[in-house]
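Enquirer: Please see the structure below; I have some questions.
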Amino acid sequence: MKLELDRISKQYGNKIALDGISLELQEGIYGLLGANGAGKTTLMRIICGILNPTAGEVKLNGTNNIEMGEDYRDILGYLPQDFGYYPSFKAKEFMLYMASLKGLESNYAKMRTEELLQIVGLSEVANKKVGTFSGGMKQRLGIAQAVLNDPKVLILDEPTAGLDPKERIHFRKLISSFAEDKIIILSTHIVSDVEQIADQILILKKGNLLTQGTVMELTDRVRGKVWECVIDNSELEQFSNKYSIVNQHIQNNQMIIRVVGDDEPDIKNKKVVAPTLEDLYMYYFHENEGRM
Ligand SMILES: Nc1ncnc2c1ncn2[C@@H]1O[C@H](COP(=O)(O)OP(=O)(O)OP(=O)(O)O)[C@@H](O)[C@H]1O
Ligand SMILES: [Mg+2]
């Protein structure tokens, strides 16, 4: 299976939201990282065929997604960022409703609903109203509805928004369990959500695909460019202006900052440390600091 984005651009009025994105995706999990407004949702909606690009096209195995029509929707699962739940629906009713929208046969829909509610851990609340659910339960229901039709292409727009740490771990396992033979794209602001499960990381910045690669390949780019430095508390502000600081903490009454950049910081007490994906993210986005 090959999903191809061919020079996708999107303009809203004169705002360029996507600026010529080309990409080839195969079975695997793709983590789409980018700051607010980078274009993640726009790109995902175009991949789903619910938004037309201004230029370029999406092709599945060589055929344009919009031309594929129903055939494309049959293999697609989508969790929108602004997914509207129906608070007065019960979980099971909601799933059956979504199944009917997807055109699933009713006996199959019932069986699949039961199976999925089980998988996402909502069996016991199948007859409770969605309006009473926590954020995490709603997200799990959102993921369950997205995979009702056992999609080959699964698009999840910020599926971990509102999840607590335990739910995030559960979510990662859930996604991995669905991943076989699928193309999964999930967007997030949270690097750790994809660091462990994504086969490929895509970084989107201001409508451009800045870089892509495995976590290892990407972290390698900042190898030797990440330092931990011991500074004096009073120097923090000065260094904050000068360097991109990934992290800061106090240990044994000393201020320790984690710095990423091309230039070795002009600080006496420092050591090079192993890079993480978060360091790379900061390396690319540092000028947006405070506005991410
Ligand atoms: N319908 C629209 N009309 C005009 N501008 C839009 C519209 N939708 C999105 N934009 C603009 O396009 C850019 C990309 O938006 P998009 O929602 O795709 O970003 P995002 O990466 O999903 O952001 P977030 O992380 O906040 O969800 C932003 O500058 C946004 O303001
Ligand atoms: Mg978005």
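A note on labels: chains of the structure tokens are A, B, ... as shown, every chain counts residues from 1, and ligands are counted from 1 in their shown order.
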Find the residues around Gly84 (chain A) up to 12 Å (only C-alpha atoms counted), leave out those fewer than 4 positions away in its own chain, and share them as an mmCIF file with N, CA and C atoms, in the first residue's frame.

Expert:
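Result file is result.cif:
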```cif
data_model
loop_
_atom_site.group_PDB
_atom_site.id
_atom_site.type_symbol
_atom_site.label_atom_id
_atom_site.label_comp_id
_atom_site.auth_asym_id
_atom_site.auth_seq_id
_atom_site.Cartn_x
_atom_site.Cartn_y
_atom_site.Cartn_z
ATOM 1 N N LEU A 79 -10.232 10.308 13.156
ATOM 2 C CA LEU A 79 -10.641 10.957 14.397
ATOM 3 C C LEU A 79 -10.324 12.439 14.258
ATOM 4 N N PRO A 80 -11.336 13.274 14.016
ATOM 5 C CA PRO A 80 -11.073 14.709 13.858
ATOM 6 C C PRO A 80 -10.643 15.341 15.177
ATOM 7 N N SER A 88 -25.958 12.988 24.636
ATOM 8 C CA SER A 88 -27.088 12.200 25.126
ATOM 9 C C SER A 88 -27.106 10.782 24.542
ATOM 10 N N PHE A 89 -26.200 10.504 23.597
ATOM 11 C CA PHE A 89 -26.055 9.136 23.093
ATOM 12 C C PHE A 89 -25.367 8.280 24.143
ATOM 13 N N PHE A 94 -23.895 5.329 20.118
ATOM 14 C CA PHE A 94 -23.039 6.205 19.323
ATOM 15 C C PHE A 94 -22.238 5.391 18.306
ATOM 16 N N MET A 98 -22.446 5.645 14.274
ATOM 17 C CA MET A 98 -21.295 5.888 13.397
ATOM 18 C C MET A 98 -21.153 4.755 12.370
ATOM 19 N N VAL A 130 -22.510 9.375 26.780
ATOM 20 C CA VAL A 130 -21.189 9.922 26.457
ATOM 21 C C VAL A 130 -20.933 11.220 27.227
ATOM 22 N N GLY A 131 -22.016 11.965 27.474
ATOM 23 C CA GLY A 131 -21.900 13.217 28.214
ATOM 24 C C GLY A 131 -21.332 13.056 29.617
ATOM 25 N N LYS A 138 -13.750 9.676 26.339
ATOM 26 C CA LYS A 138 -14.245 10.189 25.056
ATOM 27 C C LYS A 138 -13.233 9.928 23.935
ATOM 28 N N GLN A 139 -11.947 10.168 24.247
ATOM 29 C CA GLN A 139 -10.924 9.936 23.226
ATOM 30 C C GLN A 139 -10.877 8.468 22.820
ATOM 31 N N LEU A 141 -13.338 6.402 22.915
ATOM 32 C CA LEU A 141 -14.521 6.162 22.083
ATOM 33 C C LEU A 141 -14.269 6.702 20.674
ATOM 34 N N GLY A 142 -13.612 7.846 20.620
ATOM 35 C CA GLY A 142 -13.282 8.444 19.321
ATOM 36 C C GLY A 142 -12.386 7.532 18.498
#
```

Enquirer: Using only C-alpha atoms and all ligand atoms, which protein or nucleic acid residues are at most 6 Å from ligand 1, as a ChimeraX atom specification?

Expert: /A:12,17,34-42

Enquirer: Based on DSSP run over this structure's backbone, return all residues of region 150-194 of chain A in strand (DSSP E), as a ChimeraX atom specification.

Expert: /A:153-157,183-188

Enquirer: Mind giving me the straight-line distance from CA of Gly77 (chain A) to CA of Glu217 (chain A) in Å, one decimal?

Expert: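 Going from CA of Gly77 (chain A) over to CA of Glu217 (chain A), I get 28.8 Å.
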
Enquirer: Using only C-alpha atoms, find the one residue out of A:Glu105, A:Leu33, A:Lys129, A:Ile185 that sits nearest to Met282 (chain A).

Expert: A:Leu33

Enquirer: Closest to Ala126 (chain A) among A:Glu114, A:Asp199, A:Asp263, A:Glu158, using only C-alpha atoms?

Expert: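 Of all the options, A:Glu114 lies closest to Ala126 (chain A).
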
Enquirer: Would you please work out which residue, of A:Asn52, A:Thr276, A:Asn149, A:Ser134, is nearest to Tyr108 (chain A) when using only C-alpha atoms?

Expert: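 Closest candidate: A:Asn149.
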
Enquirer: Counting only C-alpha atoms, what is within 12 Å of Ser177 (chain A), bar same-chain residues fewer than 2 positions away, as a PDB file with all heavy atoms, in the first residue's frame?

Expert:
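File written: selection-v2.pdb
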```pdb
ATOM      1  N   GLY A  28       2.726   1.642   8.504  1.00  0.00           N
ATOM      2  CA  GLY A  28       3.541   2.043   9.647  1.00  0.00           C
ATOM      3  C   GLY A  28       2.848   3.176  10.391  1.00  0.00           C
ATOM      4  O   GLY A  28       1.808   3.673   9.962  1.00  0.00           O
ATOM      5  N   ILE A  29       3.453   3.564  11.507  1.00  0.00           N
ATOM      6  CA  ILE A  29       2.899   4.658  12.301  1.00  0.00           C
ATOM      7  C   ILE A  29       3.731   5.915  12.068  1.00  0.00           C
ATOM      8  O   ILE A  29       4.953   5.905  12.232  1.00  0.00           O
ATOM      9  CB  ILE A  29       2.889   4.299  13.801  1.00  0.00           C
ATOM     10  CG1 ILE A  29       2.094   3.002  14.046  1.00  0.00           C
ATOM     11  CG2 ILE A  29       2.303   5.446  14.632  1.00  0.00           C
ATOM     12  CD1 ILE A  29       2.053   2.558  15.503  1.00  0.00           C
ATOM     13  N   LEU A 116     -14.952  -3.684  19.839  1.00  0.00           N
ATOM     14  CA  LEU A 116     -14.130  -2.482  20.003  1.00  0.00           C
ATOM     15  C   LEU A 116     -14.313  -1.837  21.372  1.00  0.00           C
ATOM     16  O   LEU A 116     -13.338  -1.357  21.963  1.00  0.00           O
ATOM     17  CB  LEU A 116     -14.438  -1.467  18.896  1.00  0.00           C
ATOM     18  CG  LEU A 116     -13.833  -1.823  17.540  1.00  0.00           C
ATOM     19  CD1 LEU A 116     -14.371  -0.904  16.462  1.00  0.00           C
ATOM     20  CD2 LEU A 116     -12.309  -1.752  17.596  1.00  0.00           C
ATOM     21  N   ILE A 119     -12.067  -3.673  23.493  1.00  0.00           N
ATOM     22  CA  ILE A 119     -10.652  -3.343  23.259  1.00  0.00           C
ATOM     23  C   ILE A 119     -10.271  -2.002  23.894  1.00  0.00           C
ATOM     24  O   ILE A 119      -9.200  -1.866  24.476  1.00  0.00           O
ATOM     25  CB  ILE A 119     -10.334  -3.323  21.740  1.00  0.00           C
ATOM     26  CG1 ILE A 119     -10.418  -4.750  21.176  1.00  0.00           C
ATOM     27  CG2 ILE A 119      -8.953  -2.742  21.470  1.00  0.00           C
ATOM     28  CD1 ILE A 119     -10.262  -4.832  19.668  1.00  0.00           C
ATOM     29  N   VAL A 120     -11.138  -1.008  23.773  1.00  0.00           N
ATOM     30  CA  VAL A 120     -10.788   0.308  24.325  1.00  0.00           C
ATOM     31  C   VAL A 120     -11.206   0.448  25.799  1.00  0.00           C
ATOM     32  O   VAL A 120     -11.097   1.518  26.388  1.00  0.00           O
ATOM     33  CB  VAL A 120     -11.359   1.494  23.494  1.00  0.00           C
ATOM     34  CG1 VAL A 120     -10.847   1.440  22.060  1.00  0.00           C
ATOM     35  CG2 VAL A 120     -12.880   1.533  23.541  1.00  0.00           C
ATOM     36  N   VAL A 147     -11.973   3.170  13.999  1.00  0.00           N
ATOM     37  CA  VAL A 147     -11.514   1.885  13.462  1.00  0.00           C
ATOM     38  C   VAL A 147     -12.660   0.898  13.218  1.00  0.00           C
ATOM     39  O   VAL A 147     -12.418  -0.273  12.938  1.00  0.00           O
ATOM     40  CB  VAL A 147     -10.422   1.235  14.358  1.00  0.00           C
ATOM     41  CG1 VAL A 147      -9.180   2.093  14.384  1.00  0.00           C
ATOM     42  CG2 VAL A 147     -10.918   0.971  15.763  1.00  0.00           C
ATOM     43  N   HIS A 170      -1.817   3.859  27.953  1.00  0.00           N
ATOM     44  CA  HIS A 170      -2.837   2.953  27.434  1.00  0.00           C
ATOM     45  C   HIS A 170      -3.092   3.231  25.952  1.00  0.00           C
ATOM     46  O   HIS A 170      -3.199   2.318  25.141  1.00  0.00           O
ATOM     47  CB  HIS A 170      -4.131   3.142  28.247  1.00  0.00           C
ATOM     48  CG  HIS A 170      -5.208   2.185  27.866  1.00  0.00           C
ATOM     49  ND1 HIS A 170      -5.210   0.873  28.265  1.00  0.00           N
ATOM     50  CD2 HIS A 170      -6.316   2.338  27.098  1.00  0.00           C
ATOM     51  CE1 HIS A 170      -6.275   0.261  27.765  1.00  0.00           C
ATOM     52  NE2 HIS A 170      -6.956   1.130  27.058  1.00  0.00           N
ATOM     53  N   PHE A 171      -3.141   4.505  25.632  1.00  0.00           N
ATOM     54  CA  PHE A 171      -3.369   4.918  24.250  1.00  0.00           C
ATOM     55  C   PHE A 171      -2.271   4.383  23.319  1.00  0.00           C
ATOM     56  O   PHE A 171      -2.536   3.870  22.237  1.00  0.00           O
ATOM     57  CB  PHE A 171      -3.437   6.446  24.175  1.00  0.00           C
ATOM     58  CG  PHE A 171      -3.168   6.977  22.811  1.00  0.00           C
ATOM     59  CD1 PHE A 171      -4.168   6.991  21.856  1.00  0.00           C
ATOM     60  CD2 PHE A 171      -1.905   7.432  22.457  1.00  0.00           C
ATOM     61  CE1 PHE A 171      -3.916   7.444  20.584  1.00  0.00           C
ATOM     62  CE2 PHE A 171      -1.648   7.892  21.192  1.00  0.00           C
ATOM     63  CZ  PHE A 171      -2.654   7.900  20.254  1.00  0.00           C
ATOM     64  N   ARG A 172      -1.012   4.504  23.761  1.00  0.00           N
ATOM     65  CA  ARG A 172       0.097   4.043  22.922  1.00  0.00           C
ATOM     66  C   ARG A 172      -0.015   2.550  22.631  1.00  0.00           C
ATOM     67  O   ARG A 172       0.225   2.110  21.511  1.00  0.00           O
ATOM     68  CB  ARG A 172       1.438   4.362  23.595  1.00  0.00           C
ATOM     69  CG  ARG A 172       1.743   5.850  23.640  1.00  0.00           C
ATOM     70  CD  ARG A 172       3.225   6.112  23.845  1.00  0.00           C
ATOM     71  NE  ARG A 172       3.701   5.747  25.160  1.00  0.00           N
ATOM     72  CZ  ARG A 172       3.828   6.612  26.167  1.00  0.00           C
ATOM     73  NH1 ARG A 172       3.533   7.890  26.000  1.00  0.00           N
ATOM     74  NH2 ARG A 172       4.277   6.224  27.334  1.00  0.00           N
ATOM     75  N   LYS A 173      -0.394   1.804  23.644  1.00  0.00           N
ATOM     76  CA  LYS A 173      -0.564   0.352  23.453  1.00  0.00           C
ATOM     77  C   LYS A 173      -1.696   0.076  22.478  1.00  0.00           C
ATOM     78  O   LYS A 173      -1.597  -0.792  21.618  1.00  0.00           O
ATOM     79  CB  LYS A 173      -0.877  -0.329  24.788  1.00  0.00           C
ATOM     80  CG  LYS A 173       0.309  -0.372  25.720  1.00  0.00           C
ATOM     81  CD  LYS A 173      -0.026  -1.225  26.944  1.00  0.00           C
ATOM     82  CE  LYS A 173       0.970  -1.014  28.055  1.00  0.00           C
ATOM     83  NZ  LYS A 173       0.362  -1.233  29.373  1.00  0.00           N
ATOM     84  N   LEU A 174      -2.766   0.849  22.648  1.00  0.00           N
ATOM     85  CA  LEU A 174      -3.946   0.676  21.800  1.00  0.00           C
ATOM     86  C   LEU A 174      -3.592   0.907  20.331  1.00  0.00           C
ATOM     87  O   LEU A 174      -3.918   0.107  19.453  1.00  0.00           O
ATOM     88  CB  LEU A 174      -5.012   1.677  22.266  1.00  0.00           C
ATOM     89  CG  LEU A 174      -6.404   1.559  21.715  1.00  0.00           C
ATOM     90  CD1 LEU A 174      -7.004   0.214  22.084  1.00  0.00           C
ATOM     91  CD2 LEU A 174      -7.277   2.685  22.280  1.00  0.00           C
ATOM     92  N   ILE A 175      -2.909   1.986  20.068  1.00  0.00           N
ATOM     93  CA  ILE A 175      -2.540   2.320  18.688  1.00  0.00           C
ATOM     94  C   ILE A 175      -1.628   1.247  18.111  1.00  0.00           C
ATOM     95  O   ILE A 175      -1.814   0.788  16.991  1.00  0.00           O
ATOM     96  CB  ILE A 175      -1.861   3.703  18.619  1.00  0.00           C
ATOM     97  CG1 ILE A 175      -2.823   4.800  19.057  1.00  0.00           C
ATOM     98  CG2 ILE A 175      -1.354   3.996  17.211  1.00  0.00           C
ATOM     99  CD1 ILE A 175      -4.128   4.849  18.302  1.00  0.00           C
ATOM    100  N   ALA A 179      -1.983  -1.348  14.677  1.00  0.00           N
ATOM    101  CA  ALA A 179      -1.112  -0.830  13.617  1.00  0.00           C
ATOM    102  C   ALA A 179      -0.813  -1.778  12.463  1.00  0.00           C
ATOM    103  O   ALA A 179      -0.477  -1.336  11.379  1.00  0.00           O
ATOM    104  CB  ALA A 179       0.206  -0.346  14.223  1.00  0.00           C
ATOM    105  N   GLU A 180      -0.981  -3.053  12.682  1.00  0.00           N
ATOM    106  CA  GLU A 180      -0.537  -4.009  11.678  1.00  0.00           C
ATOM    107  C   GLU A 180      -1.195  -3.754  10.318  1.00  0.00           C
ATOM    108  O   GLU A 180      -2.414  -3.586  10.225  1.00  0.00           O
ATOM    109  CB  GLU A 180      -0.873  -5.432  12.147  1.00  0.00           C
ATOM    110  CG  GLU A 180      -0.025  -6.461  11.446  1.00  0.00           C
ATOM    111  CD  GLU A 180      -0.378  -7.878  11.892  1.00  0.00           C
ATOM    112  OE1 GLU A 180      -1.119  -8.038  12.871  1.00  0.00           O
ATOM    113  OE2 GLU A 180       0.076  -8.810  11.234  1.00  0.00           O
ATOM    114  N   ASP A 181      -0.395  -3.734   9.276  1.00  0.00           N
ATOM    115  CA  ASP A 181      -0.873  -3.556   7.899  1.00  0.00           C
ATOM    116  C   ASP A 181      -1.620  -2.252   7.656  1.00  0.00           C
ATOM    117  O   ASP A 181      -2.454  -2.168   6.756  1.00  0.00           O
ATOM    118  CB  ASP A 181      -1.805  -4.704   7.478  1.00  0.00           C
ATOM    119  CG  ASP A 181      -1.108  -6.046   7.542  1.00  0.00           C
ATOM    120  OD1 ASP A 181       0.108  -6.058   7.329  1.00  0.00           O
ATOM    121  OD2 ASP A 181      -1.781  -7.049   7.816  1.00  0.00           O
ATOM    122  N   LYS A 182      -1.382  -1.261   8.505  1.00  0.00           N
ATOM    123  CA  LYS A 182      -2.100   0.000   8.315  1.00  0.00           C
ATOM    124  C   LYS A 182      -1.118   1.150   8.156  1.00  0.00           C
ATOM    125  O   LYS A 182       0.004   1.091   8.639  1.00  0.00           O
ATOM    126  CB  LYS A 182      -2.945   0.312   9.563  1.00  0.00           C
ATOM    127  CG  LYS A 182      -4.181  -0.516   9.720  1.00  0.00           C
ATOM    128  CD  LYS A 182      -4.938  -0.013  10.961  1.00  0.00           C
ATOM    129  CE  LYS A 182      -6.273  -0.702  11.127  1.00  0.00           C
ATOM    130  NZ  LYS A 182      -6.209  -2.163  11.107  1.00  0.00           N
ATOM    131  N   ILE A 184      -0.910   4.609   9.696  1.00  0.00           N
ATOM    132  CA  ILE A 184      -1.514   5.425  10.752  1.00  0.00           C
ATOM    133  C   ILE A 184      -0.755   6.746  10.818  1.00  0.00           C
ATOM    134  O   ILE A 184       0.471   6.760  10.884  1.00  0.00           O
ATOM    135  CB  ILE A 184      -1.436   4.720  12.126  1.00  0.00           C
ATOM    136  CG1 ILE A 184      -2.193   3.376  12.077  1.00  0.00           C
ATOM    137  CG2 ILE A 184      -2.009   5.613  13.225  1.00  0.00           C
ATOM    138  CD1 ILE A 184      -2.261   2.650  13.411  1.00  0.00           C
ATOM    139  N   ILE A 197       6.268   5.081  19.766  1.00  0.00           N
ATOM    140  CA  ILE A 197       5.475   4.201  18.885  1.00  0.00           C
ATOM    141  C   ILE A 197       5.593   4.524  17.398  1.00  0.00           C
ATOM    142  O   ILE A 197       5.258   3.679  16.578  1.00  0.00           O
ATOM    143  CB  ILE A 197       3.972   4.173  19.257  1.00  0.00           C
ATOM    144  CG1 ILE A 197       3.343   5.566  19.223  1.00  0.00           C
ATOM    145  CG2 ILE A 197       3.759   3.504  20.604  1.00  0.00           C
ATOM    146  CD1 ILE A 197       1.815   5.512  19.207  1.00  0.00           C
TER     147      ILE A 197
END
```

Enquirer: I'd like to know which of A:Leu154, A:Ile47, A:Ile267, A:Leu25 is closest to Gly213 (chain A), using only C-alpha atoms.

Expert: A:Leu25

Enquirer: Could you pull the residues within 12 Å of Ala274 (chain A), counting only C-alpha atoms, minus those fewer than 3 positions along the same chain, as a list of chain:residue names?

Expert: A:Met216, A:Thr219, A:Asp220, A:Arg221, A:Val222, A:Arg223, A:Gly224, A:Lys225, A:Val226, A:Trp227, A:Glu228, A:Arg258, A:Val259, A:Val260, A:Lys271, A:Leu277, A:Glu278, A:Asp279, A:Leu280

Enquirer: For Gly31 (chain A), please output as a ChimeraX atom specification all residues within 8 Å (counting only C-alpha atoms; exclusion window: fewer than 4 positions along the same chain).

Expert: /A:185-188,194,198-202

Enquirer: Between A:Asp19, A:Glu167, A:Glu67, A:Glu93, which residue has the minimum interatomic distance to Leu210 (chain A), considering only C-alpha atoms?

Expert: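 The answer is A:Asp19, which sits nearest to Leu210 (chain A).
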